[in-house]
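Enquirer: I'd like to ask you about the structure that follows.
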Amino acid sequence: MAEQPLLLLSGLTKRYGTALAVCDVRADIRRGELVSFVGPSGCGKTTLLRIVGGFVRPDAGRVVLDGEDLGPLPPNQRATAMVFQNYALFPHLTVAENVGYGLTIRRRPAAEVARRVEELLSLVQLQGLGRRRPSQLSGGQQQRVALARALSLQPKVLLLDEPLSNLDANLRVQMRTEITRLQRALHQTIVFVTHDQEEAMSISDRIMVMDRGRILQAGAPAEIYERPASRFVARFIGAANFLDGTLGNGIPGRTAIATSLGTLIVEKVSNGLAIGDRVAVLLRPEAIRLGPPDGPAEPNRLLGTIAHAMYTGAVIRYTVEVGDTLLRVDLSDPRHRPAFHRGDRVSLRLPGDPHLLPSESAADAGGS
Ligand SMILES: Nc1ncnc2c1ncn2[C@@H]1O[C@H](COP(=O)(O)OP(=O)(O)O)[C@@H](O)[C@H]1O
Ligand SMILES: [Mg+2]
């Protein structure tokens with residue numbers, strides 16, 4: 001039998017007036033797992049996290065932690081700890097007093113508090129800074145104090161609400177590693193909330209993509225990126241080109257898809273699709289290869305014109321005009337490959353194994 005989930009969310013729903021902030025959210029999170037809820041601003045991430053932490057009462061649904069229905073238990077009686085987006089440190093207390101706050105109000109002996117605070121400060125790499133005030137620390141250091149404070153009572157689940165969004169770009173990336181290091185070192189279960197899909201992809205064991213209060217898809221990062229369930233998910237997690245087409249007969253073992261840009265030959269199609277079905281073909285920008293325009297006509301090879309080129313250092317992002325369709329194509333490692341310029345004629349080689357969405361679910365089921 002599979003291991004019982006540590007945290008079980010079922011049917012969670014929360015309305016503010018007529019607005020549905022969270023709608024029938026269900027999820028199970030395993031011990032030691034880092035799960036991210038990711039979605040655009042306003043999709044209900046903070047509300048969901050606050051429900052789990054006991055700061056918001058849901059209209060319906062349950063939060064079960066380690067077999068116990070948390071019901072209306074207040075935050076300080078739950079084995080959860082939350083780090084808020086703005087850290088919410090006590091400005092008049094020292095770093096050590098902030099970190100030891102939860103232990104002190106639980107009347108643990110001073111010597112034990114001091115020892116735990118030292119351990120926690122070294123865990124988040126702030127040794128020696130215990131006597132400072134939060135205002136004397138950088139944003140990244142304040143973030144670590146908030147983490148240490150949240151870990152002080154050894155929560156079964158650590159709840160992080162966009163913990164990195166106030167940090168500058170390099171530090172954000174560095175703190176991703178810090179968080180996964182803490183996760184592993186403590187075997188800490190973490191629920192992480194962010195609007196930043198790349199951040200979610202890079203730290204999570206599993207991602208739950210949300211829109212308008214609902215979970216649209218849950219899965220490992222690679223699964224969501226490679227097999228998104230809808231156009232919204234495909235576009236939110238990465239960049240996506242879509243070609244609409246109809247499945248036809250191919251040569252044995254292959255399938256032809258008639259699209260506005262010509263026939264695409266793909267390997268066998270799965271997920272219950274049949275000849276005649278309308279599909280949306282997902283083409284990720286890095287899966288399309290650009291080359292010179294000459295050479296023989298081949299299947300899955302198109303001709304186009306570079307409409308725009310954007311140099312970003314590691315990648316050149318091209319917009320290529322093919323007929324009246326614009327395709328985004330990324331070229332990595334531009335120093336070692338031929339670069340193209342606006343107006344250049346190019347060939348595009350499309351992948352033979354693209355992900356296909358049935359047209360029903362391909363229609364934007366909500367989403368901006
Ligand atoms: N206390 C509140 N009162 C009224 N509406 C709220 C409140 N908190 C959140 N909302 C609304 O609920 C929706 C979800 O908000 P939130 O959970 O903060 O989203 P996210 O964290 O994903 O940006 C938004 O439409 C927001 O305006
Ligand atoms: Mg939020």
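Quick note on naming: the chains in the structure tokens go A, B, ... in the order shown, residues restart at 1 in each chain, and ligands are numbered from 1 in order of appearance.
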Name all residues at most 8 Å from A:Thr259 (count only C-alpha atoms; drop same-chain ones fewer than 4 positions away) and give them as a list in words.

Expert: Leu243, Asp244, Gly245, Thr246, Thr263 and Leu264 of chain A

Enquirer: What's around A:Leu12 at 9 Å? Count only C-alpha atoms, leave out sequence neighbours fewer than 6 positions away in its own chain, and write the answer as a list in words.

Expert: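 Those residues are Val22, Cys23, Asp24, Val25, Arg26, Leu48, Ile51, Pro58, Asp59, Ala60, Gly61, Arg62 and Val63 of chain A.
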
Enquirer: Which neighbours of A:Leu302 fall inside 7 Å, counting only C-alpha atoms, when residues of the same chain fewer than 4 positions from it are skipped, and could you give them as a ChimeraX atom specification?

Expert: /A:347-349

Enquirer: Convert the current residue selection to file output with N, CA and C atoms, as a PDB file, in the first residue's frame.

Expert:
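Final file, out_15.pdb:
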ATOM      1  N   SER A 347      15.072  27.602 -42.726  1.00  0.00           N
ATOM      2  CA  SER A 347      14.223  26.417 -42.642  1.00  0.00           C
ATOM      3  C   SER A 347      13.982  26.116 -41.173  1.00  0.00           C
ATOM      4  N   LEU A 348      12.836  25.526 -40.885  1.00  0.00           N
ATOM      5  CA  LEU A 348      12.498  25.139 -39.513  1.00  0.00           C
ATOM      6  C   LEU A 348      12.220  23.645 -39.521  1.00  0.00           C
ATOM      7  N   ARG A 349      12.891  22.932 -38.636  1.00  0.00           N
ATOM      8  CA  ARG A 349      12.626  21.498 -38.532  1.00  0.00           C
ATOM      9  C   ARG A 349      11.799  21.273 -37.267  1.00  0.00           C
TER      10      ARG A 349
END

Enquirer: Under the rule of at most 12 Å, produce a per-residue listing of chain A near ligand 2: chain, number, name, the closest pair of atoms, and the distance in Å, as a Markdown table, using only C-alpha atoms and all ligand atoms.

Expert:
| residue | atom | partner | partner_atom_place_in_ligand_line | distance |
| --- | --- | --- | --- | --- |
| A:Ala21 | CA | ligand 2 | 1 (Mg) | 11.0 |
| A:Phe37 | CA | ligand 2 | 1 (Mg) | 10.5 |
| A:Val38 | CA | ligand 2 | 1 (Mg) | 10.1 |
| A:Gly39 | CA | ligand 2 | 1 (Mg) | 9.6 |
| A:Pro40 | CA | ligand 2 | 1 (Mg) | 9.2 |
| A:Ser41 | CA | ligand 2 | 1 (Mg) | 6.6 |
| A:Gly42 | CA | ligand 2 | 1 (Mg) | 6.8 |
| A:Cys43 | CA | ligand 2 | 1 (Mg) | 8.2 |
| A:Gly44 | CA | ligand 2 | 1 (Mg) | 7.0 |
| A:Lys45 | CA | ligand 2 | 1 (Mg) | 5.5 |
| A:Thr46 | CA | ligand 2 | 1 (Mg) | 4.1 |
| A:Thr47 | CA | ligand 2 | 1 (Mg) | 7.3 |
| A:Leu48 | CA | ligand 2 | 1 (Mg) | 9.2 |
| A:Leu49 | CA | ligand 2 | 1 (Mg) | 8.9 |
| A:Arg50 | CA | ligand 2 | 1 (Mg) | 9.8 |
| A:Phe84 | CA | ligand 2 | 1 (Mg) | 9.4 |
| A:Gln85 | CA | ligand 2 | 1 (Mg) | 7.9 |
| A:Asn86 | CA | ligand 2 | 1 (Mg) | 10.9 |
| A:Leu160 | CA | ligand 2 | 1 (Mg) | 10.4 |
| A:Asp161 | CA | ligand 2 | 1 (Mg) | 6.7 |
| A:Glu162 | CA | ligand 2 | 1 (Mg) | 7.1 |
| A:Pro163 | CA | ligand 2 | 1 (Mg) | 10.3 |
| A:Ser165 | CA | ligand 2 | 1 (Mg) | 10.5 |
| A:Phe192 | CA | ligand 2 | 1 (Mg) | 11.1 |
| A:Val193 | CA | ligand 2 | 1 (Mg) | 7.7 |
| A:Thr194 | CA | ligand 2 | 1 (Mg) | 7.6 |
| A:His195 | CA | ligand 2 | 1 (Mg) | 8.1 |
| A:Asp196 | CA | ligand 2 | 1 (Mg) | 11.5 |
| A:Gly213 | CA | ligand 2 | 1 (Mg) | 11.8 |

Enquirer: Running DSSP on the backbone, which parts of stretch 129-304 of chain A land in strand (DSSP E), as JSON, numbers by chain?

Expert: {"A": [157, 158, 159, 160, 161, 189, 190, 191, 192, 193, 194, 206, 207, 208, 209, 210, 211, 214, 215, 216, 217, 218, 219, 241, 242, 243, 244, 245, 246, 247, 248, 249, 254, 255, 256, 257, 258, 259, 262, 263, 264, 265, 266, 267, 278, 279, 280, 281, 282, 283, 289, 290, 291, 301, 302, 303, 304]}

Enquirer: Rank nothing, just name the residue among A:Ser230, A:Ser135, A:Thr18, A:Thr104 nearest to ligand 1, using only C-alpha atoms and all ligand atoms.

Expert: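 Smallest distance to ligand 1 is found for A:Thr18.
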
Enquirer: Taking only stretch 79-124 of chain A into account, list the residues labelled alpha helix (DSSP H) by DSSP (computed from the backbone), as a PyMOL selection string.

Expert: chain A and resi 95-105+110-123

Enquirer: Take the residues from that selection and write them out as a compact mmCIF listing (two decimals), in the first residue's frame, keeping C-alpha atoms.

Expert:
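Written out: again-v8.txt:
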# COMPACT_ATOMS: atom_id res chain seq x y z
CA VAL A 95 17.55 38.22 15.46
CA ALA A 96 18.03 35.66 18.24
CA GLU A 97 14.85 36.79 20.01
CA ASN A 98 12.93 36.55 16.74
CA VAL A 99 14.17 33.03 16.10
CA GLY A 100 13.56 31.94 19.71
CA TYR A 101 10.18 33.66 20.01
CA GLY A 102 8.00 30.57 19.64
CA LEU A 103 10.10 28.60 22.12
CA THR A 104 10.15 31.45 24.64
CA ILE A 105 6.37 31.94 24.67
CA ALA A 110 16.40 29.82 28.58
CA ALA A 111 19.40 27.54 28.08
CA GLU A 112 17.44 25.30 25.71
CA VAL A 113 16.16 28.31 23.79
CA ALA A 114 19.69 29.69 23.44
CA ARG A 115 21.01 26.35 22.21
CA ARG A 116 18.19 25.88 19.66
CA VAL A 117 18.62 29.45 18.41
CA GLU A 118 22.32 28.81 17.81
CA GLU A 119 21.51 25.60 15.93
CA LEU A 120 18.88 27.31 13.81
CA LEU A 121 21.09 30.30 13.01
CA SER A 122 23.84 28.01 11.84
CA LEU A 123 21.33 25.96 9.83

Enquirer: Would you list the contacts of A:Glu3 as a list in words, taking every protein, DNA or RNA residue within 10 Å and counting only C-alpha atoms, but skipping same-chain residues closer than 2 positions in sequence?

Expert: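 These residues fall inside the cut-off: Met1, Pro5, Leu6, Arg30 and Arg31 of chain A.
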
Enquirer: Once you have the residues from the selection above, write them out as a PDB file, in the first residue's frame, restricted to N, CA and C atoms.

Expert:
ATOM      1  N   MET A   1       0.843  -1.203   0.000  1.00  0.00           N
ATOM      2  CA  MET A   1       0.000   0.000   0.000  1.00  0.00           C
ATOM      3  C   MET A   1       0.870   1.241   0.000  1.00  0.00           C
ATOM      4  N   PRO A   5      -0.494   9.991   2.826  1.00  0.00           N
ATOM      5  CA  PRO A   5       0.017  11.352   2.676  1.00  0.00           C
ATOM      6  C   PRO A   5       0.123  12.016   4.052  1.00  0.00           C
ATOM      7  N   LEU A   6       1.115  12.880   4.194  1.00  0.00           N
ATOM      8  CA  LEU A   6       1.248  13.607   5.461  1.00  0.00           C
ATOM      9  C   LEU A   6       0.166  14.676   5.553  1.00  0.00           C
ATOM     10  N   ARG A  30       3.190  14.229   0.411  1.00  0.00           N
ATOM     11  CA  ARG A  30       3.897  13.189   1.159  1.00  0.00           C
ATOM     12  C   ARG A  30       4.923  13.787   2.109  1.00  0.00           C
ATOM     13  N   ARG A  31       5.279  12.996   3.101  1.00  0.00           N
ATOM     14  CA  ARG A  31       6.308  13.402   4.061  1.00  0.00           C
ATOM     15  C   ARG A  31       7.619  13.692   3.329  1.00  0.00           C
TER      16      ARG A  31
END

Enquirer: For A:Glu178, which residue among A:Leu283, A:Leu158, A:Ile316, A:Ile203 is the nearest when counting only C-alpha atoms?

Expert: A:Ile203

Enquirer: Using only C-alpha atoms and all ligand atoms, which of A:Gln4, A:Gln183, A:Thr13, A:Ser138 sits nearest ligand 1?

Expert: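 Going through A:Gln4, A:Gln183, A:Thr13, A:Ser138 one by one, the smallest distance to ligand 1 is for A:Thr13.
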